[in-house]
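Trainee: This is the structure, below, for whatever I ask next.
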Amino acid sequence: NCALVLVADPENHKGNWRALFKNSNPLHLEIGCGKGRFIVETARRNPDINYVAIEREQGALVMATEKAMALELPNLQFLDFDAAGLTEIFADGEVDRIYLNFSDPWPPNRQRKRRLTHANFLALYDCILSKNGQVHFKTDNQHLFEFTLEEMCGYGWLIQNICLDLHNSGLDNIMTEYEEKFSKEGFRIYRLEACRRDEDTLKRAHTPPRTAEQLARKARGSVA
């Protein structure tokens, strides 16, 4: 029933996603869209941007696609796909922005490589993002936020617009289903934006470990 918004053969669109949308607009990607509240509303508000949303949990994916179908959004498509294979479906520099909203924190240390902000995933994002492409990240998990700061700084990305209490910041924000739930339970919401460096800048960039540690300490110190 939702075939119009669900891409069954994403590998066939590598390097040519804008043709699927029949325009040359920017391409934004959400990894782990859940039930689709964030990506559907974002696509509705921004008709001049193309959106692709990935979700592996099929029950949530069905709900997300149903939301999109109800609004008849021509600028949004969904995938049932593993983010570890991003370079198989997106060409170098093809994506302009990636959204990571309330990703699984994978708390045991031995599972840290599964976190979507681990350096292994940053390397994938670095391939598919455009020259000045960005990652926008939100979480309620303080430890994951600290980990993300350290990983991104260590990878040489520019961290900007750090917010340690999003819902009391006055910033415009579209909530996810999880975000609304966690916020009502009193959890603080953390957010940041990270801008990738081009290859020449990456070669020159060296972020001293203490910089990442200072950012993480700032996050830790914000919680009573």
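Going through the structure tokens in order, the chains are called A, B, and so on, while each chain numbers its residues from 1 and the ligands are numbered from 1 in the order shown.
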Which residues are close to stretch 93-103 of chain A, i.e. within 7 Å by only C-alpha atoms, leaving aside same-chain residues fewer than 5 positions away? Reply as a short mmCIF file (atom, residue, chain, number, x, y, z; two decimals) with N, CA, C and O atoms, in the first residue's frame.
Mentor:
data_model
loop_
_atom_site.label_atom_id
_atom_site.label_comp_id
_atom_site.auth_asym_id
_atom_site.auth_seq_id
_atom_site.Cartn_x
_atom_site.Cartn_y
_atom_site.Cartn_z
N GLY A 15 24.08 7.60 -6.90
CA GLY A 15 24.56 8.67 -7.76
C GLY A 15 23.48 9.36 -8.56
O GLY A 15 23.76 10.30 -9.31
N PRO A 26 18.56 19.91 -2.87
CA PRO A 26 19.44 19.25 -1.89
C PRO A 26 18.83 17.95 -1.40
O PRO A 26 17.60 17.78 -1.39
N LEU A 27 19.70 17.04 -0.98
CA LEU A 27 19.27 15.72 -0.50
C LEU A 27 19.65 15.55 0.96
O LEU A 27 20.83 15.64 1.31
N HIS A 28 18.66 15.30 1.81
CA HIS A 28 18.88 15.08 3.23
C HIS A 28 18.46 13.65 3.60
O HIS A 28 17.51 13.12 3.03
N LEU A 29 19.18 13.08 4.56
CA LEU A 29 18.99 11.68 4.94
C LEU A 29 18.79 11.57 6.45
O LEU A 29 19.58 12.12 7.22
N GLU A 30 17.74 10.86 6.87
CA GLU A 30 17.60 10.51 8.28
C GLU A 30 17.87 9.03 8.44
O GLU A 30 17.27 8.20 7.76
N ILE A 31 18.75 8.71 9.38
CA ILE A 31 19.09 7.31 9.67
C ILE A 31 18.37 6.91 10.95
O ILE A 31 18.68 7.42 12.03
N GLY A 32 17.41 6.00 10.84
CA GLY A 32 16.62 5.59 11.98
C GLY A 32 15.46 6.55 12.21
O GLY A 32 15.43 7.27 13.20
N LEU A 116 25.94 4.92 15.97
CA LEU A 116 25.92 5.61 14.69
C LEU A 116 26.82 6.85 14.65
O LEU A 116 26.97 7.47 13.60
N CYS A 127 32.19 9.99 3.31
CA CYS A 127 32.19 9.62 1.88
C CYS A 127 30.96 10.17 1.16
O CYS A 127 31.08 10.71 0.05
N ILE A 128 29.80 10.04 1.75
CA ILE A 128 28.58 10.37 1.02
C ILE A 128 28.15 11.83 1.18
O ILE A 128 27.34 12.32 0.39
N LEU A 129 28.69 12.55 2.18
CA LEU A 129 28.32 13.94 2.37
C LEU A 129 29.01 14.84 1.36
O LEU A 129 30.14 14.60 0.95
N SER A 130 28.34 15.91 0.99
CA SER A 130 28.91 16.91 0.11
C SER A 130 30.03 17.66 0.84
O SER A 130 30.26 17.45 2.03
N LYS A 131 30.72 18.53 0.12
CA LYS A 131 31.93 19.16 0.65
C LYS A 131 31.73 19.78 2.03
O LYS A 131 32.56 19.61 2.91
N GLY A 133 28.93 19.21 3.89
CA GLY A 133 27.78 18.50 4.44
C GLY A 133 27.79 18.45 5.96
O GLY A 133 28.84 18.58 6.60
N GLN A 134 26.62 18.27 6.52
CA GLN A 134 26.46 18.32 7.97
C GLN A 134 25.77 17.08 8.52
O GLN A 134 25.02 16.40 7.82
N VAL A 135 26.04 16.83 9.80
CA VAL A 135 25.30 15.85 10.58
C VAL A 135 24.60 16.59 11.71
O VAL A 135 25.26 17.34 12.45
N HIS A 136 23.30 16.42 11.84
CA HIS A 136 22.54 16.98 12.95
C HIS A 136 22.16 15.84 13.88
O HIS A 136 21.54 14.86 13.45
N PHE A 137 22.51 15.98 15.15
CA PHE A 137 22.41 14.87 16.11
C PHE A 137 21.62 15.31 17.33
O PHE A 137 21.88 16.37 17.91
N LYS A 138 20.66 14.48 17.76
CA LYS A 138 19.90 14.72 19.00
C LYS A 138 19.85 13.44 19.81
O LYS A 138 19.73 12.34 19.26
N THR A 139 19.89 13.60 21.12
CA THR A 139 19.80 12.45 22.02
C THR A 139 19.37 12.91 23.41
O THR A 139 19.57 14.07 23.78
N ASP A 140 18.81 11.98 24.16
CA ASP A 140 18.55 12.23 25.57
C ASP A 140 19.63 11.60 26.44
O ASP A 140 19.62 11.77 27.66
#
Trainee: Please determine, counting only C-alpha atoms, which residue among A:Leu164, A:Ala194, A:Leu171, A:Cys33 has the shortest atom-to-atom distance to A:Met63.
Mentor: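 Ranking A:Leu164, A:Ala194, A:Leu171, A:Cys33 by distance to A:Met63, first place goes to A:Cys33.
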Trainee: Among stretch 49-196 of chain A, which ones does DSSP place in strand (DSSP E), written as a ChimeraX atom specification?
Mentor: /A:50-54,76-79,95-101,129-139,158-163,190-195
Trainee: Identify, on the basis of only C-alpha atoms, every residue whose closest approach to A:Asp80 does not exceed 9 Å; exclude the query and any residue fewer than 6 positions from it along the same chain; express the result as a list in words.
Mentor: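 Returned residues: Leu6, Val7, Ala8, Ala53, Ile54, Glu55, Arg56, Glu57, Gln58 and Leu61 of chain A.
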Trainee: For the selection just defined, write its residues with N, CA and C atoms to a file, as a compact mmCIF listing (two decimals), in the first residue's frame.
Mentor:
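And here's out32.txt as it stands now:
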# COMPACT_ATOMS: atom_id res chain seq x y z
N LEU A 6 8.24 3.89 -0.78
CA LEU A 6 9.22 2.92 -0.30
C LEU A 6 10.08 2.44 -1.46
N VAL A 7 11.39 2.72 -1.39
CA VAL A 7 12.31 2.36 -2.47
C VAL A 7 12.80 0.93 -2.25
N ALA A 8 12.47 0.05 -3.16
CA ALA A 8 12.80 -1.37 -3.01
C ALA A 8 14.20 -1.69 -3.53
N ALA A 53 14.61 8.53 4.19
CA ALA A 53 14.61 8.08 5.58
C ALA A 53 14.83 6.58 5.63
N ILE A 54 15.74 6.15 6.50
CA ILE A 54 16.07 4.74 6.67
C ILE A 54 15.51 4.24 8.00
N GLU A 55 14.90 3.07 7.96
CA GLU A 55 14.41 2.43 9.19
C GLU A 55 14.40 0.93 9.00
N ARG A 56 14.99 0.18 9.95
CA ARG A 56 15.06 -1.27 9.85
C ARG A 56 13.90 -1.98 10.54
N GLU A 57 13.27 -1.33 11.54
CA GLU A 57 12.17 -1.95 12.26
C GLU A 57 10.91 -1.80 11.42
N GLN A 58 10.41 -2.91 10.90
CA GLN A 58 9.38 -2.83 9.87
C GLN A 58 8.05 -2.28 10.38
N LEU A 61 8.48 1.36 10.34
CA LEU A 61 8.59 1.81 8.95
C LEU A 61 7.20 1.91 8.30
Trainee: Restricting the calculation to only C-alpha atoms, which member of A:Asp48, A:Glu193, A:Asp104, A:Glu88 is positioned closest to A:Asp9?
Mentor: A:Glu88
Trainee: Taking only C-alpha atoms into account, name the residue in A:Ile162, A:Ile189, A:Val52, A:Leu149 that is nearest to A:Ala119.
Mentor: A:Leu149
Trainee: Nearest residue to A:Asn16 out of A:Ala123, A:Ile89, A:Ala84, A:Ile39, using only C-alpha atoms?
Mentor: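 When distances to A:Asn16 are compared using only C-alpha atoms, the smallest one comes from A:Ile89.
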Trainee: Would you kindly return, as JSON, numbers by chain, each protein, DNA or RNA residue with an atom no farther than 9 Å from any atom of A:Tyr178, considering only C-alpha atoms and excluding same-chain residues fewer than 2 positions away?
Mentor: {"A": [34, 101, 102, 175, 176, 180, 181, 182, 183]}
